[in-house]
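*Asks:* One structure follows; several queries about it will come next.
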Amino acid sequence: MIMGPLARALDDRLRLSPITRRALAKIFPDHWSFMLGEIALYSFIALILTGVYLTFFFDASSADRVYQGSYAPLDGATTSAAYASTVRLSWDVRAGLLIRQTHHWAALAFVAAIVLHLSRIFFTGAFRKPRELNWLIGVTMLALALANGFTGYSMPDDLLSGLGLRIITSVVESIPLVGTWLAALALGGEFPSDEMIPRMFITHVLLVPAILVALVSLHLGILVRQKHSQFPGPGRTEHNVVGSRFWPGYTLRTLALFAWVLAVLFALGGLVQINPVWLYGPFAPAESSSPAQPDWYVAWGDGALRLFPPWEFRIGGYLVPAPFFPGVVLGGLSFVALYLWPFVERWCTRDRHPHQLLDRPRNHPVRLGIGVGALTFYVVLVVAAGDDILARLLRVPVYDLLALFRVLVLVLPIVTGVLAFLIARALRRGEAVSLGELTRADLRRATRPAPRRPAGEDEPEVPVRHRPGERIEMWPQGELWRWRYRNEARQLALTNNRAVTSEQEAVETARLAYPGVDRVVVPGPPPPPARALRVALRRWGRATAAGSLLVAALLGRRRERRRRRDGDDEPPPA
Amino acid sequence: MSRRTPSKSERAASRRIAAAFLVSAAGAVGFAVTYGLNGGTQWEGVCLAVAFAGLAVGLAVWSRRLVPVGGYVEEHEGFVPPPAEQAMTAAVFRAPESPTRRWGLLAALGFALTALGVAALFPLRSLLPWDRQRPTRSLKDTPWGPGVRLVDDQGRPLRPDDVPADTMVAVFPEGRIDVGDAPAFAVRLNPERFIRHPAGGHLGGLVVWSLLCTHAGCPVRLYLKGAGRVLCPCHQSSFDLLAGARPIAGPAARPLPGLPIEVGPDGFLRATGDFTAPPGAGFWSRP
């Protein structure tokens with residue numbers, strides 16, 4: 001193998017082995033919700049790969065160009081070069097449409113994964129000290145993802161994206177004092193300008209992606225430095241991380257996830273049509289299309305624009321137009337609230353301790369209620385962005401739906417928020433483990449005011465002396481030392497993630513991970529569990545069960561058939 | 001480490017993983033063949049999806065069956081450093097020769113950097129070329145003016161008879177069809193049904209209004225002839241043309257600006273001035 005000498009040569013020059021050994025042994029907690037951020041990461045990689053391919057064919061210019069190609073309705077038509085090259089890319093470049101649609105689906109998945117990841121971080125309190133910085137970086141990346149999604153959506157210069165761009169220009173122009181200047185500077189004049197497509201292009205393919213790559217690196221760097229948080233459980237404390245090692249288990253698992261993400265995105269890109277710009281036609285200032293819906297991640301803004309009443313006023317004679325509130329104020333407040341949340345929560349709970357153990361969502365009824373209410377609010381706005389389609393489907397007047405949504409957007413968040421708050425309290429105070437086990441008594445108890453708790457940490461760890469049956473076993477392994485944590489009561493054994501070079505180091509790492517737990521030296525590693533036998537037994541048991549069910553079913557059918565053949569007139573016994 | 005003989009379940013898992021990777025390779029070959037034969041987007045997508053799904057299944061089975069899941073623990077040092085360490089680091093910055101001790105120089109440096117930063121903002125003004133109109137002026141002005149003829153989307157000048165009674169006609173200033181804020185529409189209405197007089201006047205029921213919604217600037221291209229209303233497809237603002245194009249539903253708050261028109265000596269329609277108000281979405285401006 002060539003790898004061995006190469007690795008040694010590199011190590012001799014850079015001394016990589018200590019870093020590599022630690023990095024390969026990094027622990028990742030085994031919980032599905034920790035994979036959501038990775039889906040975002042892999043969608044981002046898919047975006048970069050497919051996006052680079054698209055730049056080879058896309059002509060970011062609003063100059064006139066005659067489309068000549070296999071899409072007959074537009075053959076010979078003069079449109080902007082951006083639009084003509086997009087249609088050409090879709091119809092005349094082999095695999096072009098696949099890559100374009102995959103790129104679009106990847107963008108939708110990217111933002112969706114970010115939002116899910118953010119919700120997980122929010123509801124489990126993973127943003128608390130020491131991870132506020134990564135929360136801020138994450139929220140910034142969400143904003144950049146939205147911005148890049150919108151520029152990418154607008155660049156093909158089709159009718160629908162032109163309408164979207166016109167709306168966002170109107171929203172920017174609605175800002176008092178500076179709005180018209182901001183819009184004019186961004187566009188290089190009045191909408192539609194010749195500069196806007198080249199400017200969006202360079203923003204979309206260089207400026208924002210470069211910042212995103214830098215922030216992703218920073219996000220992951222901080223994650224590795226701070227180590228993962230984890231859910232509470234046996235053997236898990238504020239001083240350790242329990243799970244799988246990066247190499248080999250987690251490497252395989254995360255690569256599998258990467259491949260899954262690509263498989264789903266390419267399946268969508270190949271089979272599910274998205275943004276067929278040739279059907280929309282090129283942008284023209286006097287044309288509009290109906291229905292007109294944006295991509296899902298900006299739909300909340302569009303829904304807010306639809307629902308907000310026609311309220312305008314003047315300050316000293318100057319107009320503050322209606323889109324200012326749903327467009328600028330709502331968007332601004334949403335992100336300010338996201339940015340400030342960790343600090344607001346710390347200020348409210350007066351909890352200044354660092355946290356490595358996550359909350360279960362139910363442990364913080366107020367946070368859960370606010371989060372569920374906020375999510376409901378945005379979901380109603382997204383649905384409201386489709387009110388014209390809904391009206392057509394349901395055959396009701398669109399203005400009746402509008403009135404309904406105007407009520408729902410204010411009422412529904414309060415209802416779901418209060419409900420989530422009460423359910424969380426009921427789950428927390430009662431004995432019910434899951435939603436299905438909640439009784440009426442639990443819910444009634446939840447409506448009573450909370451007993452006062454001392455400020456600070458909500459549930460202190462049980463001291464070691466009250467936890468019998470725990471110990472650390474250490475053993476030499478050649479020159480090296482290993483240790484493991486054993487909990488007899490829970491039948492749990494956790495091996496430390498890497499071998500260390502001395503007994504002293506083994507003692508130190510064990511003391512860090514499990515302060516106060518007794519240590520003993522044992523002669524050697526524990527025998528491997530009889531996993532193969534257990535697996536075989538379980539599989540055999542399952543096969544037997546399935547087989548007997550199958551046999552029973554076959555016998556039953558045969559008996560039925562025989563009875564029918566013997567006497568059709570006899571009614572079957574009830 | 002000694003090689004141990006793989007158990008029966010491990011051998012079965014290996015077979016499944018290898019089969020998954022073979023499927024993946026078949027998908028990749030399928031993609032190449034589909035591409036070569038120009039087999040179409042659907043098959044290309046399916047082949048690539050199969051290729052990556054095969055990889056995913058193989059890797060997932062590998063990670064579940066052949067390597068341990070969980071069962072490891074790593075110590076977590078925490079992030080509050082011991083006070084002595086913090087003090088040592090702080091001491092480096094407070095050493096006598098440390099630049100952070102010279103407050104006067106630091107203030108001067110800060111002033112210079114701030115000046116540089118502010119100066120660096122100035123070239124951003126070039127994003128809006130200096131030879132163009134200032135934003136508020138350009139938003140208020142349109143190509144319409146006295147004597148500008150009305151043309152249709154093909155550039156043909158319009159006579160009053162060219163506007164039929166049952167539909168709206170998009171009209172543009174002659175020679176400026178592509179300008180963003182200029183599009184207007186002409187409709188023929190029954191003057192006796194007017195509740196409010198159109199702001200730009202009318203020629204025997206022939207009225208011209210700006211086509212751009214006063215909410216967010218989308219063209220109001222949906223015309224409900226019987227009711228004399230136009231509807232914006234973007235956010236469902238609705239304007240009553242019989243009542244001076246007043247907004248009657250949806251988020252728009254101002255009426256559509258009207259365009260004053262006359263019939264020129266050549267028999268074609270022409271404007272007698274600009275719109276009665278800035279067209280399109282509102283912005284920070286006085287009336």
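In the structure tokens, chains take the letters A, B, ... in the order shown, each chain's residues start at 1, and ligands count up from 1 in the order shown.
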If we count only C-alpha atoms, which residues of chain B reach to within 6 Å of chain A? Please list them as JSON, numbers by chain.

*Replies:* {"B": [41, 42, 45, 46, 49, 52, 53, 56, 59, 60, 63, 67, 69, 70, 71, 72, 73, 74, 75, 76, 127, 128, 135, 180, 183, 216, 219, 233, 234, 235, 251, 252, 253, 281, 282, 283, 284, 285, 286]}

*Asks:* Generate a file of the selected residues that holds N, CA and C atoms, formatted as a CSV table (one decimal), in the first residue's frame.

*Replies:*
chain,number,residue,atom,x,y,z
B,41,THR,N,-34.0,13.3,-18.8
B,41,THR,CA,-33.8,13.7,-17.4
B,41,THR,C,-34.2,12.7,-16.4
B,42,GLN,N,-35.4,12.1,-16.6
B,42,GLN,CA,-35.9,11.2,-15.6
B,42,GLN,C,-35.0,10.0,-15.4
B,45,GLY,N,-31.8,11.0,-13.6
B,45,GLY,CA,-32.0,11.2,-12.2
B,45,GLY,C,-32.2,9.9,-11.5
B,46,VAL,N,-32.9,8.9,-12.1
B,46,VAL,CA,-33.2,7.7,-11.4
B,46,VAL,C,-31.9,6.9,-11.2
B,49,ALA,N,-29.8,8.5,-8.6
B,49,ALA,CA,-30.4,8.2,-7.3
B,49,ALA,C,-30.1,6.8,-6.9
B,52,PHE,N,-26.5,6.5,-5.7
B,52,PHE,CA,-26.2,7.0,-4.4
B,52,PHE,C,-27.0,6.3,-3.3
B,53,ALA,N,-28.1,5.8,-3.6
B,53,ALA,CA,-28.9,5.0,-2.6
B,53,ALA,C,-28.2,3.7,-2.3
B,56,ALA,N,-25.5,4.5,-0.1
B,56,ALA,CA,-26.0,4.8,1.3
B,56,ALA,C,-26.4,3.5,2.0
B,59,LEU,N,-23.2,1.6,3.1
B,59,LEU,CA,-22.5,2.3,4.2
B,59,LEU,C,-23.3,2.2,5.5
B,60,ALA,N,-24.6,2.3,5.3
B,60,ALA,CA,-25.4,2.2,6.5
B,60,ALA,C,-25.4,0.8,7.2
B,63,SER,N,-22.1,0.4,8.8
B,63,SER,CA,-21.9,1.0,10.1
B,63,SER,C,-22.8,0.4,11.2
B,67,VAL,N,-19.4,-2.5,12.7
B,67,VAL,CA,-18.7,-1.7,13.6
B,67,VAL,C,-19.6,-1.4,14.8
B,69,VAL,N,-21.7,0.3,17.6
B,69,VAL,CA,-22.5,1.6,17.7
B,69,VAL,C,-22.6,1.9,19.2
B,70,GLY,N,-22.2,3.1,19.5
B,70,GLY,CA,-22.2,3.6,20.9
B,70,GLY,C,-21.3,2.9,21.8
B,71,GLY,N,-21.4,3.1,23.1
B,71,GLY,CA,-20.6,2.4,24.1
B,71,GLY,C,-19.3,3.1,24.4
B,72,TYR,N,-19.1,4.3,23.9
B,72,TYR,CA,-17.8,5.0,24.2
B,72,TYR,C,-18.1,6.3,24.9
B,73,VAL,N,-17.1,6.7,25.6
B,73,VAL,CA,-17.2,8.0,26.4
B,73,VAL,C,-15.9,8.8,26.3
B,74,GLU,N,-16.1,10.1,26.2
B,74,GLU,CA,-15.0,11.0,26.1
B,74,GLU,C,-15.1,12.0,27.2
B,75,GLU,N,-14.0,12.4,27.8
B,75,GLU,CA,-14.1,13.4,28.9
B,75,GLU,C,-14.4,14.8,28.3
B,76,HIS,N,-15.0,15.7,29.1
B,76,HIS,CA,-15.3,17.0,28.6
B,76,HIS,C,-14.7,18.0,29.6
B,127,LEU,N,-22.4,52.4,-7.1
B,127,LEU,CA,-23.3,51.4,-7.5
B,127,LEU,C,-24.5,52.0,-8.3
B,128,LEU,N,-24.9,53.2,-7.9
B,128,LEU,CA,-25.9,53.9,-8.7
B,128,LEU,C,-25.1,54.9,-9.5
B,135,PRO,N,-32.8,58.5,-6.7
B,135,PRO,CA,-33.8,57.5,-6.7
B,135,PRO,C,-35.2,58.0,-6.6
B,180,GLY,N,-39.7,50.0,-16.6
B,180,GLY,CA,-40.4,49.3,-15.6
B,180,GLY,C,-41.7,50.0,-15.0
B,183,PRO,N,-45.8,51.0,-17.7
B,183,PRO,CA,-47.0,50.3,-18.2
B,183,PRO,C,-48.3,50.8,-17.7
B,216,ALA,N,-47.3,46.4,-4.0
B,216,ALA,CA,-45.9,46.0,-4.2
B,216,ALA,C,-45.5,46.0,-5.7
B,219,PRO,N,-48.1,43.9,-11.9
B,219,PRO,CA,-49.1,44.4,-12.8
B,219,PRO,C,-50.5,43.8,-12.5
B,233,PRO,N,-52.6,39.6,-9.2
B,233,PRO,CA,-52.4,38.2,-8.9
B,233,PRO,C,-51.4,38.0,-7.8
B,234,CYS,N,-50.6,38.9,-7.4
B,234,CYS,CA,-49.5,38.7,-6.4
B,234,CYS,C,-50.1,38.6,-5.0
B,235,HIS,N,-50.8,39.6,-4.6
B,235,HIS,CA,-51.3,39.6,-3.2
B,235,HIS,C,-52.8,39.9,-3.2
B,251,PRO,N,-54.3,44.1,0.3
B,251,PRO,CA,-53.4,45.0,1.1
B,251,PRO,C,-53.1,46.3,0.5
B,252,ALA,N,-53.6,46.6,-0.7
B,252,ALA,CA,-53.2,47.9,-1.3
B,252,ALA,C,-54.0,49.0,-0.6
B,253,ALA,N,-53.4,50.2,-0.5
B,253,ALA,CA,-54.0,51.3,0.3
B,253,ALA,C,-54.3,52.6,-0.6
B,281,ALA,N,-45.5,50.7,-6.2
B,281,ALA,CA,-45.5,50.6,-4.8
B,281,ALA,C,-45.1,52.0,-4.2
B,282,GLY,N,-45.5,52.2,-2.9
B,282,GLY,CA,-45.2,53.5,-2.3
B,282,GLY,C,-43.8,53.5,-1.8
B,283,PHE,N,-43.3,54.7,-1.5
B,283,PHE,CA,-42.0,54.9,-1.0
B,283,PHE,C,-42.0,56.2,-0.2
B,284,TRP,N,-40.9,56.5,0.5
B,284,TRP,CA,-40.7,57.6,1.4
B,284,TRP,C,-40.7,58.9,0.5
B,285,SER,N,-41.9,59.5,0.4
B,285,SER,CA,-41.9,60.7,-0.4
B,285,SER,C,-43.2,61.5,0.0
B,286,ARG,N,-43.1,62.8,-0.4
B,286,ARG,CA,-44.3,63.7,-0.2
B,286,ARG,C,-45.2,63.6,-1.4

*Asks:* Give the answer as one residue: which of B:Val151, B:Leu189, B:Leu222, B:Ala87 has the shortest atom-to-atom distance to B:Asp166, using only C-alpha atoms?

*Replies:* B:Leu189
